[in-house]
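Dropping my_file-v2.txt in here (compact mmCIF, C-alpha atoms):
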# COMPACT_ATOMS: atom_id res chain seq x y z
CA MET A 118 82.69 76.82 -0.36
CA ALA A 119 86.11 77.94 -1.53
CA PRO A 120 89.05 76.34 0.28
CA THR A 121 90.98 78.35 2.82
CA LYS A 122 93.86 80.21 1.16
CA VAL A 123 97.11 81.36 2.71
CA LEU A 124 98.76 84.28 0.96
CA ALA A 125 102.37 83.91 1.99
CA GLY A 126 105.74 85.55 1.52
CA ALA A 127 104.67 89.12 0.72
CA ARG A 128 105.48 92.34 2.51
CA VAL A 129 102.13 92.76 4.27
CA VAL A 130 101.01 96.22 5.36
CA LEU A 131 99.09 95.94 8.63
CA PRO A 132 97.71 98.71 10.89
CA THR A 133 100.73 98.14 13.14
CA GLY A 134 103.27 98.40 10.31
CA THR A 135 104.80 96.33 7.52
CA VAL A 136 105.64 92.67 8.07
CA ASP A 137 108.22 91.08 5.80
CA ASP A 138 107.49 87.51 4.68
CA GLY A 139 103.97 87.88 6.05
CA ARG A 140 100.98 85.56 5.85
CA VAL A 141 97.30 86.39 5.44
CA SER A 142 94.73 83.60 5.71
CA VAL A 143 91.45 83.85 3.80
CA ASP A 144 88.52 81.67 4.82
CA GLY A 145 85.49 82.16 2.56
CA THR A 146 84.82 85.88 2.30
CA ARG A 147 86.79 86.89 5.39
CA ILE A 148 90.33 87.19 6.67
CA ALA A 149 90.99 84.43 9.18
CA ALA A 150 93.27 84.36 12.19
CA THR A 151 94.59 80.90 11.35
CA ALA A 152 94.42 78.37 8.53
CA PRO A 153 94.29 74.57 8.50
CA GLY A 154 97.29 72.61 7.27
CA SER A 155 95.32 71.67 4.15
CA ALA A 156 94.93 75.29 3.08
CA GLU A 157 95.94 76.31 -0.44
CA THR A 158 99.11 78.44 -0.36
CA VAL A 159 99.68 81.30 -2.79
CA ASP A 160 103.33 82.34 -2.92
CA LEU A 161 103.56 86.14 -3.06
CA SER A 162 107.29 86.42 -2.44
CA GLY A 163 108.70 89.67 -3.79
CA HIS A 164 105.31 91.40 -3.69
CA TRP A 165 103.36 93.78 -1.49
CA LEU A 166 100.01 92.83 0.03
CA VAL A 167 97.80 95.78 1.00
CA PRO A 168 94.11 96.30 1.82
CA GLY A 169 91.62 96.83 -0.99
CA PHE A 170 91.27 100.46 -2.01
CA VAL A 171 88.27 102.58 -0.97
CA ASP A 172 87.16 105.42 -3.27
CA ILE A 173 84.65 107.88 -1.81
CA HIS A 174 84.50 110.17 -4.87
CA ASN A 175 84.09 108.55 -8.29
CA HIS A 176 81.87 109.44 -11.27
CA GLY A 177 82.51 106.45 -13.53
CA GLY A 178 84.94 104.40 -15.58
CA GLY A 179 85.27 101.84 -18.31
CA GLY A 180 83.34 104.11 -20.65
CA ALA A 181 80.35 104.21 -18.30
CA SER A 182 78.92 106.94 -16.07
CA PHE A 183 77.66 106.85 -12.50
CA ALA A 184 76.24 110.34 -12.95
CA GLY A 185 73.49 109.54 -15.43
CA GLY A 186 73.89 106.03 -16.75
CA THR A 187 71.79 102.93 -16.34
CA ALA A 188 72.31 100.32 -13.63
CA GLU A 189 74.36 98.26 -16.09
CA ASP A 190 76.49 101.33 -16.87
CA VAL A 191 77.19 101.74 -13.18
CA LEU A 192 78.12 98.07 -12.82
CA GLN A 193 80.46 98.34 -15.81
CA GLY A 194 82.24 101.25 -14.15
CA VAL A 195 82.40 99.40 -10.85
CA ARG A 196 83.97 96.36 -12.54
CA THR A 197 86.56 98.59 -14.20
CA HIS A 198 87.65 100.14 -10.94
CA ARG A 199 87.65 96.78 -9.13
CA ALA A 200 90.16 95.53 -11.68
CA HIS A 201 92.36 98.44 -10.57
CA GLY A 202 92.12 97.59 -6.87
CA THR A 203 89.08 99.60 -5.74
CA THR A 204 87.11 96.99 -3.82
CA THR A 205 84.77 99.57 -2.22
CA LEU A 206 83.38 102.49 -4.20
CA VAL A 207 80.92 105.33 -3.58
CA ALA A 208 79.14 106.46 -6.75
CA SER A 209 79.20 110.22 -7.25
CA ALA A 210 76.47 112.17 -9.01
CA VAL A 211 77.05 115.57 -10.63
CA THR A 212 74.85 118.66 -10.81
CA GLY A 213 71.56 118.01 -12.54
CA ASP A 214 67.87 118.74 -12.37
CA LEU A 215 66.70 118.00 -8.85
CA ASP A 216 63.95 115.58 -9.91
CA PHE A 217 66.40 113.71 -12.14
CA LEU A 218 68.92 113.48 -9.30
CA ALA A 219 66.23 112.09 -7.00
CA ARG A 220 65.21 109.43 -9.54
CA HIS A 221 68.81 108.52 -10.26
CA ALA A 222 69.51 108.24 -6.53
CA GLY A 223 66.74 105.66 -6.29
CA MET A 224 68.47 103.46 -8.86
CA LEU A 225 71.88 103.89 -7.21
CA ALA A 226 70.33 103.07 -3.85
CA GLU A 227 69.21 99.68 -5.17
CA LEU A 228 72.78 98.92 -6.25
CA ALA A 229 74.03 99.98 -2.83
CA GLN A 230 71.50 97.72 -1.13
CA GLN A 231 72.79 94.84 -3.28
CA GLY A 232 76.36 95.60 -2.18
CA ASP A 233 77.63 96.68 -5.62
CA ILE A 234 78.47 100.20 -4.43
CA ALA A 235 78.96 101.61 -0.94
CA GLY A 236 76.47 104.46 -1.29
CA ILE A 237 75.92 107.76 -3.06
CA HIS A 238 77.83 111.04 -3.10
CA PHE A 239 75.97 114.13 -4.36
CA GLU A 240 78.44 116.61 -5.85
CA GLY A 241 76.14 119.50 -6.69
CA PRO A 242 73.81 121.19 -7.39
CA PHE A 243 74.37 123.19 -4.18
CA ILE A 244 77.73 124.65 -5.20
CA SER A 245 79.15 128.06 -6.09
CA PRO A 246 78.91 129.37 -9.66
CA CYS A 247 82.25 131.08 -8.98
CA ARG A 248 83.92 127.67 -8.55
CA LYS A 249 81.67 125.45 -10.65
CA GLY A 250 84.40 123.52 -12.48
CA ALA A 251 82.71 121.01 -14.80
CA HIS A 252 79.19 121.61 -13.47
CA ASP A 253 76.37 123.20 -15.49
CA GLU A 254 75.95 126.71 -14.10
CA GLN A 255 72.31 126.91 -15.20
CA LEU A 256 71.45 124.03 -12.87
CA LEU A 257 73.25 125.34 -9.78
CA ARG A 258 71.21 126.46 -6.79
CA ASP A 259 71.67 127.64 -3.23
CA PRO A 260 71.54 124.90 -0.59
CA ASP A 261 67.91 124.61 0.49
CA PRO A 262 67.51 122.27 3.47
CA ALA A 263 64.18 121.05 2.07
CA GLU A 264 65.84 120.12 -1.23
CA VAL A 265 68.80 118.57 0.56
CA ARG A 266 66.32 116.47 2.52
CA LYS A 267 64.62 115.46 -0.75
CA LEU A 268 67.87 113.96 -2.03
CA ILE A 269 68.62 112.25 1.29
CA ASP A 270 65.16 110.67 1.24
CA ALA A 271 65.49 109.65 -2.42
CA ALA A 272 68.66 107.72 -1.52
CA HIS A 273 66.75 105.44 0.88
CA GLY A 274 69.44 105.45 3.53
CA GLN A 275 72.31 105.16 1.01
CA ALA A 276 73.39 108.82 0.89
CA ARG A 277 76.96 108.89 2.15
CA MET A 278 78.19 112.39 1.31
CA MET A 279 77.09 115.71 -0.18
CA THR A 280 79.41 118.45 -1.43
CA LEU A 281 78.24 121.99 -0.67
CA ALA A 282 79.40 125.57 -1.04
CA THR A 283 78.58 126.21 2.58
CA GLU A 284 78.92 130.01 2.31
CA LEU A 285 75.78 130.20 0.15
CA PRO A 286 72.37 130.99 1.71
CA GLY A 287 71.12 127.86 3.48
CA GLY A 288 74.58 126.32 3.54
CA LEU A 289 75.12 126.04 7.28
CA GLU A 290 71.56 124.84 7.88
CA SER A 291 72.09 122.18 5.21
CA VAL A 292 75.33 121.06 6.84
CA ARG A 293 73.52 120.63 10.15
CA LEU A 294 70.75 118.67 8.43
CA LEU A 295 73.23 116.34 6.77
CA ALA A 296 75.06 115.75 10.05
CA GLU A 297 71.77 114.95 11.79
CA HIS A 298 71.02 112.31 9.15
CA GLY A 299 74.47 110.73 9.28
CA VAL A 300 75.50 112.03 5.84
CA ILE A 301 78.99 113.48 5.41
CA ALA A 302 78.88 117.21 4.65
CA ALA A 303 81.82 118.08 2.40
CA VAL A 304 83.06 121.59 1.67
CA GLY A 305 83.80 121.98 -2.03
CA HIS A 306 83.27 123.95 -5.21
CA THR A 307 83.29 126.84 -2.79
CA ASP A 308 84.26 130.51 -2.73
CA ALA A 309 84.20 130.64 1.06
CA SER A 310 86.57 132.64 3.19
CA TYR A 311 88.69 131.17 5.97
CA GLU A 312 86.16 132.32 8.58
CA GLN A 313 83.16 131.00 6.63
CA THR A 314 84.86 127.63 6.24
CA LEU A 315 85.48 127.35 9.98
CA GLN A 316 81.77 128.08 10.52
CA ALA A 317 80.94 125.15 8.22
CA VAL A 318 83.23 122.81 10.14
CA ASP A 319 81.70 123.96 13.42
CA ALA A 320 78.28 123.18 11.92
CA GLY A 321 79.38 119.61 11.14
CA ALA A 322 81.30 119.53 7.84
CA THR A 323 84.03 116.88 8.01
CA VAL A 324 85.45 116.50 4.47
CA ALA A 325 87.19 118.78 1.98
CA THR A 326 86.13 117.85 -1.55
CA HIS A 327 89.29 117.56 -3.72
CA LEU A 328 91.29 120.05 -1.64
CA PHE A 329 92.87 122.90 -3.65
CA ASN A 330 90.67 122.25 -6.68
CA ALA A 331 87.54 124.39 -7.24
CA MET A 332 88.23 126.72 -4.31
CA PRO A 333 90.18 129.99 -3.77
CA PRO A 334 93.95 129.53 -3.66
CA LEU A 335 95.82 129.90 -0.41
CA GLY A 336 96.72 133.55 0.16
CA HIS A 337 98.98 135.12 2.74
CA ARG A 338 96.35 137.71 3.76
CA ALA A 339 93.28 135.74 2.74
CA PRO A 340 94.06 132.14 3.78
CA GLY A 341 90.71 130.94 2.47
CA PRO A 342 89.18 127.49 2.80
CA ILE A 343 92.39 125.56 2.12
CA THR A 344 94.06 126.73 5.32
CA ALA A 345 90.92 126.24 7.40
CA LEU A 346 90.38 122.71 6.10
CA LEU A 347 94.02 121.69 6.47
CA GLU A 348 94.45 122.92 10.01
CA ASP A 349 91.20 121.60 11.53
CA GLU A 350 91.63 118.15 13.08
CA ARG A 351 87.96 117.34 12.41
CA VAL A 352 88.39 117.44 8.63
CA THR A 353 89.60 114.76 6.21
CA VAL A 354 90.95 116.20 2.96
CA GLU A 355 90.43 114.51 -0.41
CA LEU A 356 93.41 114.61 -2.79
CA ILE A 357 93.48 113.66 -6.50
CA ASN A 358 96.95 112.26 -7.09
CA ASP A 359 97.04 112.09 -10.89
CA GLY A 360 99.82 114.61 -11.57
CA THR A 361 97.33 116.96 -13.26
CA HIS A 362 95.15 118.21 -10.42
CA LEU A 363 98.02 118.72 -7.96
CA HIS A 364 101.73 119.40 -8.18
CA PRO A 365 103.69 116.82 -6.15
CA ALA A 366 104.93 119.55 -3.79
CA THR A 367 101.35 120.68 -3.16
CA LEU A 368 100.29 117.13 -2.39
CA ARG A 369 103.23 116.66 -0.02
CA LEU A 370 102.39 119.95 1.72
CA ALA A 371 98.82 118.80 2.33
CA PHE A 372 99.95 115.38 3.49
CA HIS A 373 102.54 116.85 5.84
CA HIS A 374 100.13 119.36 7.36
CA ALA A 375 97.04 117.17 7.65
CA GLY A 376 98.96 114.03 8.61
CA ARG A 377 98.45 110.47 7.43
CA ASP A 378 95.15 110.00 9.30
CA ARG A 379 93.37 112.95 7.67
CA VAL A 380 93.99 112.33 3.97
CA ALA A 381 91.78 110.36 1.59
CA PHE A 382 93.05 109.68 -1.91
CA ILE A 383 90.20 109.79 -4.42
CA THR A 384 89.98 109.43 -8.19
CA ASP A 385 87.15 111.87 -9.03
CA ALA A 386 87.14 109.59 -12.09
CA MET A 387 84.81 110.01 -15.04
CA ASP A 388 83.83 107.61 -17.83
CA ALA A 389 87.24 107.55 -19.52
CA ALA A 390 89.03 106.05 -16.49
CA GLY A 391 90.39 102.68 -17.55
CA PHE A 392 88.99 103.25 -21.05
CA GLY A 393 90.81 105.85 -23.15
CA ASP A 394 90.77 109.23 -24.87
CA GLY A 395 87.71 110.53 -26.69
CA ARG A 396 84.51 112.48 -26.12
CA TYR A 397 82.27 111.74 -23.15
CA MET A 398 79.38 113.23 -21.20
CA LEU A 399 79.74 114.23 -17.54
CA GLY A 400 76.13 114.77 -16.59
CA PRO A 401 74.88 117.28 -19.19
CA MET A 402 78.41 118.55 -20.02
CA GLU A 403 80.50 117.34 -22.96
CA VAL A 404 84.06 116.39 -22.11
CA GLU A 405 87.12 115.87 -24.32
CA VAL A 406 89.76 113.48 -22.98
CA ALA A 407 93.18 113.89 -24.56
CA ASP A 408 96.37 112.26 -23.27
CA GLY A 409 94.40 111.08 -20.26
CA VAL A 410 93.33 114.58 -19.17
CA ALA A 411 89.58 115.36 -19.14
CA ARG A 412 88.45 118.90 -19.95
CA LEU A 413 85.12 120.48 -20.83
CA VAL A 414 84.68 121.00 -24.56
CA GLU A 415 83.33 124.47 -23.77
CA GLY A 416 85.61 126.50 -21.53
CA GLY A 417 88.36 123.94 -21.00
CA SER A 418 87.85 123.38 -17.26
CA ILE A 419 89.29 120.15 -15.88
CA ALA A 420 86.37 117.70 -15.77
CA GLY A 421 87.22 115.05 -13.23
CA SER A 422 90.05 112.64 -13.90
CA THR A 423 90.86 109.41 -15.69
CA LEU A 424 92.65 108.17 -12.59
CA THR A 425 92.45 104.71 -11.05
CA LEU A 426 93.59 104.19 -7.48
CA ASP A 427 96.35 101.74 -8.37
CA ARG A 428 98.01 104.56 -10.33
CA ALA A 429 97.44 106.96 -7.43
CA PHE A 430 99.13 104.45 -5.10
CA LYS A 431 102.17 103.95 -7.30
CA ARG A 432 102.57 107.68 -7.89
CA ALA A 433 102.33 108.43 -4.17
CA VAL A 434 105.27 106.12 -3.44
CA THR A 435 107.46 106.52 -6.52
CA VAL A 436 106.92 110.20 -7.39
CA ASP A 437 105.69 111.86 -4.19
CA GLY A 438 108.00 109.85 -1.95
CA LEU A 439 105.39 108.96 0.66
CA PRO A 440 105.86 105.95 2.94
CA VAL A 441 103.85 102.92 1.85
CA GLU A 442 102.11 102.75 5.23
CA ASP A 443 100.91 106.36 4.86
CA VAL A 444 99.59 105.66 1.37
CA VAL A 445 97.67 102.63 2.65
CA ALA A 446 96.09 104.83 5.32
CA ALA A 447 95.03 107.41 2.73
CA ILE A 448 93.75 104.94 0.16
CA SER A 449 92.09 102.34 2.41
CA ALA A 450 91.87 102.90 6.17
CA ASN A 451 90.87 106.57 6.26
CA PRO A 452 88.09 106.45 3.65
CA ALA A 453 86.77 103.23 5.25
CA ARG A 454 86.58 105.01 8.58
CA LEU A 455 84.83 108.02 7.02
CA LEU A 456 82.16 105.72 5.62
CA GLY A 457 81.72 104.00 8.98
CA LEU A 458 82.83 100.71 7.43
CA ASP A 459 86.16 100.28 9.18
CA ASP A 460 84.79 97.34 11.15
CA ARG A 461 84.62 95.43 7.83
CA ILE A 462 87.14 96.94 5.41
CA GLY A 463 90.20 99.18 5.19
CA SER A 464 92.81 96.97 6.83
CA LEU A 465 94.08 93.40 6.78
CA GLU A 466 92.78 92.07 10.10
CA PRO A 467 91.03 88.83 11.07
CA GLY A 468 87.26 89.02 10.75
CA LYS A 469 87.28 91.72 8.09
CA ASP A 470 86.29 91.22 4.47
CA ALA A 471 89.03 89.59 2.40
CA ASP A 472 89.50 92.68 0.22
CA LEU A 473 93.14 93.02 -0.77
CA VAL A 474 95.52 94.10 -3.49
CA VAL A 475 98.78 92.49 -4.62
CA LEU A 476 101.46 94.84 -5.96
CA ASP A 477 104.81 93.91 -7.44
CA ALA A 478 108.11 95.34 -6.25
CA GLY A 479 107.62 98.37 -8.52
CA PHE A 480 104.11 98.98 -7.11
CA ASP A 481 102.28 97.85 -10.23
CA LEU A 482 99.05 95.98 -9.55
CA VAL A 483 99.12 92.25 -10.23
CA GLY A 484 96.23 90.91 -8.14
CA VAL A 485 92.92 91.97 -6.61
CA MET A 486 90.75 89.97 -4.23
CA ARG A 487 87.25 91.05 -3.16
CA ARG A 488 85.43 89.16 -0.44
CA GLY A 489 87.66 86.15 -0.90
CA GLU A 490 87.38 85.88 -4.69
CA TRP A 491 90.07 86.90 -7.13
CA VAL A 492 88.94 89.76 -9.35
CA VAL A 493 92.43 89.84 -10.84
CA ASP A 494 94.26 86.55 -10.24
CA PRO A 495 97.98 87.14 -9.72
CA GLN A 496 98.77 83.70 -11.22
CA LEU A 497 101.91 83.42 -9.13
CA GLY A 498 101.52 79.90 -7.83
Could you write out this structure as structure tokens?
Amino acid sequence: MAPTKVLAGARVVLPTGTVDDGRVSVDGTRIAATAPGSAETVDLSGHWLVPGFVDIHNHGGGGASFAGGTAEDVLQGVRTHRAHGTTTLVASAVTGDLDFLARHAGMLAELAQQGDIAGIHFEGPFISPCRKGAHDEQLLRDPDPAEVRKLIDAAHGQARMMTLATELPGGLESVRLLAEHGVIAAVGHTDASYEQTLQAVDAGATVATHLFNAMPPLGHRAPGPITALLEDERVTVELINDGTHLHPATLRLAFHHAGRDRVAFITDAMDAAGFGDGRYMLGPMEVEVADGVARLVEGGSIAGSTLTLDRAFKRAVTVDGLPVEDVVAAISANPARLLGLDDRIGSLEPGKDADLVVLDAGFDLVGVMRRGEWVVDPQLG
């Protein structure tokens, strides 16, 4: 068994606030309340110590896809994102043939049962052709509760979230079904009105899939889904903070209106995250990544991101001007709570998994620990 470690000297972000010259003890896989005098001390002076990041919307990375790849592909993507601080990750599927999605969910469910991923997010096929983004329009379909149930069953208890255009026929019934089965119903890739979106929230929808993207813009006479999702206290809004999907002022507006407890930073990453420019497949769609921006070869729609959450964290503090404590809430605590895992992850508290990230004074990542083991060793002494 690994010796108890004491991570000392960092600015530690706790649920109660930031502690200068803080100490976090790690005993085995967990955070401990105390440490013996013989414990190994790691000097993190001049650094930040924050909880491991939790990504609830991620399609791949490291050149590998969660949306259609093999189990080894998925693990390669998981390893890539872990090296960038994401210690808990939900694998997102994209629109595909229903039978294929069901088979693929079975494979992802095995990885979730092994603890490699935290479950499955189905983004499509029950989304609007008007707001399809990088999804294959020929494979889109109205939400059919029987088909929704098929995917839930195929995930063997590992379905965590499903994105729906809830204004489509069967949408509200599907939201209710998801809520009954403990699966997050997320409003996204939608052409819904303000009123239709409120109906979806009343039916049990609790997440806005990448708010602002793939939905009608906010209008002064037609406020649309954005206003409904921002103003409803029952909804957590996903934000992609890569500088491409959202202008900094738009992100700040959402953060200000929703508040720190209702924002979840996501990557919506695809294969090129942590890998590089080139041509990739996102489900059945071919994607060109140039200068870190992913777009469909045909049509030019933005096709996910190449973001990693360490970059989202740094940008939130240094470009968007958000307080570090608010960023930690959005990138760790809030998504952990959404997944129902906040008793184990999402904050640095005794008894929780020793999942943590070390950042330098400029908010660049220098260390990652997952369940007590260094994924990226800070090598600081």
At a cut-off of 6 Å, can you tabulate as JSON lines every residue of stretch 200-269 of chain A near stretch 296-310 of chain A together with its closest atom pair and the distance in Å to one decimal, using all atoms listed in the file and ordering rows by chain then number?
{"residue": "A:Ile244", "atom": "CA", "partner": "A:His306", "partner_atom": "CA", "distance": 5.6}
{"residue": "A:Ser245", "atom": "CA", "partner": "A:Thr307", "partner_atom": "CA", "distance": 5.4}
{"residue": "A:Arg248", "atom": "CA", "partner": "A:His306", "partner_atom": "CA", "distance": 5.0}
{"residue": "A:Lys249", "atom": "CA", "partner": "A:His306", "partner_atom": "CA", "distance": 5.9}
TODO: Could you please determine the separation between atom CA of A:Glu490 and atom CA of A:Ser464 in Å, to one decimal place?
DONE: 16.9 Å
TODO: Point out the residue among A:Leu215, A:Ala127, A:Thr361, A:Leu225 with the least atom-to-atom distance to A:Thr187, counting only C-alpha atoms.
DONE: A:Leu225
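Between atom CA of A:Thr205 and atom CA of A:Ala229 the separation is 10.8 Å.
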TODO: Would you list the residues near (90.8, 113.8, -3.8), meaning any protein, DNA or RNA residue with an atom at most 6 Å from that point in file coordinates, counting only C-alpha atoms, as a list in words?
DONE: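 Every residue inside that radius is included here: His327, Glu355, Leu356, Ile357, Phe382 and Ile383 of chain A.
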Shell of 9 Å around A:Ala407, all atoms listed in the file, local chain residues under 3 positions omitted, as a CSV table (one decimal) with C-alpha atoms, in the frame of the given file:
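As written to disk, selection.csv reads:
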chain,number,residue,atom,x,y,z
A,393,GLY,CA,90.8,105.8,-23.2
A,394,ASP,CA,90.8,109.2,-24.9
A,395,GLY,CA,87.7,110.5,-26.7
A,396,ARG,CA,84.5,112.5,-26.1
A,410,VAL,CA,93.3,114.6,-19.2
A,411,ALA,CA,89.6,115.4,-19.1
A,412,ARG,CA,88.4,118.9,-20.0
Open item on the list: Which residues are near A:Ile419? Cut-off 12 Å, only C-alpha atoms, ignore same chain within fewer than 3 positions. Put them as a VMD selection string.
Closed with: chain A and resid 248 to 252 330 to 331 361 to 363 385 to 387 399 402 to 407 409 to 416 422 to 423
Task: Near-A:Phe183 list (8 Å; all atoms listed in the file; drop same-chain fewer than 5 positions) as a list in words - done: Asn175, His176, Gly177, Asp190, Val191, Gly194, Ala208, Ser209 and Ala210 of chain A
Open item on the list: Can you measure atom CA of A:Phe239 to atom CA of A:Leu315 for me? One decimal in Å is fine.
Closed with: 21.7 Å
- [ ] Go through A:Pro452, A:Gly421, A:Pro495, A:Gly186 one by one, measure the shortest atom-to-atom distance of each to A:Val324 using only C-alpha atoms, and give the residue with the smallest value.
- [x]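 Smallest separation from A:Val324 among the options: A:Pro452.
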TODO: Pick out the closest residue to A:Glu240 from this set: A:Leu281, A:Leu256, A:Ala272, A:Met332. Count all atoms listed in the file.
DONE: A:Leu281
Task: Residues near stretch 449-451 of chain A, cut-off 10 Å, all atoms listed in the file, skip fewer than 2 positions along chain, as a ChimeraX atom specification - done: /A:132,167-172,203-205,353,377-382,443-447,453-459,462-465,473
Open item on the list: Env of A:Asp253: 8 Å cut, atoms = all atoms listed in the file, seq-sep filter 6 positions within chain, self excluded. Answer as a PyMOL selection string.
Closed with: chain A and resi 212-213+401-402
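Using all atoms listed in the file, the shortest contact distance between A:Thr367 and any of A:Asp137, A:Asp160, A:Asp437, A:Asp408 is found at A:Asp437.
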TODO: Using only C-alpha atoms, pick whichever of A:Ala320, A:Leu439, A:Val493, A:Val483 has the shortest atom-to-atom distance to A:Phe372.
DONE: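 Under the stated criterion, the closest residue is A:Leu439.
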Open item on the list: Considering only C-alpha atoms, can you say which of A:Val207, A:Arg140, A:Gln313, A:Ala345 comes closest to A:Leu228?
Closed with: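 Going through A:Val207, A:Arg140, A:Gln313, A:Ala345 one by one, the smallest distance to A:Leu228 is for A:Val207.
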Missing atoms in stretch 138-152 of chain A need filling: write out N, CA, C and O atoms for it as a JSON list (two decimals), in the frame of the given file.
[["chain", "number", "residue", "atom", "x", "y", "z"],
["A", 138, "ASP", "N", 107.79, 88.95, 4.72],
["A", 138, "ASP", "CA", 107.49, 87.51, 4.68],
["A", 138, "ASP", "C", 106.23, 87.20, 5.50],
["A", 138, "ASP", "O", 106.20, 86.27, 6.30],
["A", 139, "GLY", "N", 105.20, 88.02, 5.28],
["A", 139, "GLY", "CA", 103.97, 87.88, 6.05],
["A", 139, "GLY", "C", 103.03, 86.83, 5.49],
["A", 139, "GLY", "O", 103.24, 86.28, 4.39],
["A", 140, "ARG", "N", 101.98, 86.54, 6.25],
["A", 140, "ARG", "CA", 100.98, 85.56, 5.85],
["A", 140, "ARG", "C", 99.59, 86.12, 6.18],
["A", 140, "ARG", "O", 99.36, 86.62, 7.28],
["A", 141, "VAL", "N", 98.70, 86.03, 5.22],
["A", 141, "VAL", "CA", 97.30, 86.39, 5.44],
["A", 141, "VAL", "C", 96.45, 85.21, 5.04],
["A", 141, "VAL", "O", 96.55, 84.71, 3.91],
["A", 142, "SER", "N", 95.61, 84.74, 5.97],
["A", 142, "SER", "CA", 94.73, 83.60, 5.71],
["A", 142, "SER", "C", 93.36, 84.10, 5.31],
["A", 142, "SER", "O", 92.82, 85.03, 5.93],
["A", 143, "VAL", "N", 92.77, 83.49, 4.29],
["A", 143, "VAL", "CA", 91.45, 83.85, 3.80],
["A", 143, "VAL", "C", 90.55, 82.63, 3.88],
["A", 143, "VAL", "O", 90.83, 81.60, 3.27],
["A", 144, "ASP", "N", 89.48, 82.76, 4.66],
["A", 144, "ASP", "CA", 88.52, 81.67, 4.82],
["A", 144, "ASP", "C", 87.16, 82.16, 4.31],
["A", 144, "ASP", "O", 86.53, 83.01, 4.94],
["A", 145, "GLY", "N", 86.74, 81.67, 3.16],
["A", 145, "GLY", "CA", 85.49, 82.16, 2.56],
["A", 145, "GLY", "C", 85.64, 83.61, 2.13],
["A", 145, "GLY", "O", 86.53, 83.95, 1.36],
["A", 146, "THR", "N", 84.79, 84.46, 2.68],
["A", 146, "THR", "CA", 84.82, 85.88, 2.30],
["A", 146, "THR", "C", 85.63, 86.74, 3.26],
["A", 146, "THR", "O", 85.76, 87.94, 3.06],
["A", 147, "ARG", "N", 86.16, 86.11, 4.32],
["A", 147, "ARG", "CA", 86.79, 86.89, 5.39],
["A", 147, "ARG", "C", 88.26, 86.54, 5.59],
["A", 147, "ARG", "O", 88.72, 85.47, 5.20],
["A", 148, "ILE", "N", 88.97, 87.45, 6.22],
["A", 148, "ILE", "CA", 90.33, 87.19, 6.67],
["A", 148, "ILE", "C", 90.25, 86.38, 7.95],
["A", 148, "ILE", "O", 89.47, 86.71, 8.86],
["A", 149, "ALA", "N", 91.02, 85.33, 8.02],
["A", 149, "ALA", "CA", 90.99, 84.43, 9.18],
["A", 149, "ALA", "C", 92.24, 84.60, 10.03],
["A", 149, "ALA", "O", 93.30, 85.02, 9.54],
["A", 150, "ALA", "N", 92.11, 84.27, 11.29],
["A", 150, "ALA", "CA", 93.27, 84.36, 12.19],
["A", 150, "ALA", "C", 94.26, 83.24, 11.94],
["A", 150, "ALA", "O", 95.47, 83.42, 12.07],
["A", 151, "THR", "N", 93.74, 82.07, 11.59],
["A", 151, "THR", "CA", 94.59, 80.90, 11.35],
["A", 151, "THR", "C", 94.05, 80.15, 10.13],
["A", 151, "THR", "O", 92.96, 80.42, 9.64],
["A", 152, "ALA", "N", 94.83, 79.19, 9.67],
["A", 152, "ALA", "CA", 94.42, 78.37, 8.53],
["A", 152, "ALA", "C", 94.78, 76.91, 8.80],
["A", 152, "ALA", "O", 95.81, 76.63, 9.43]]
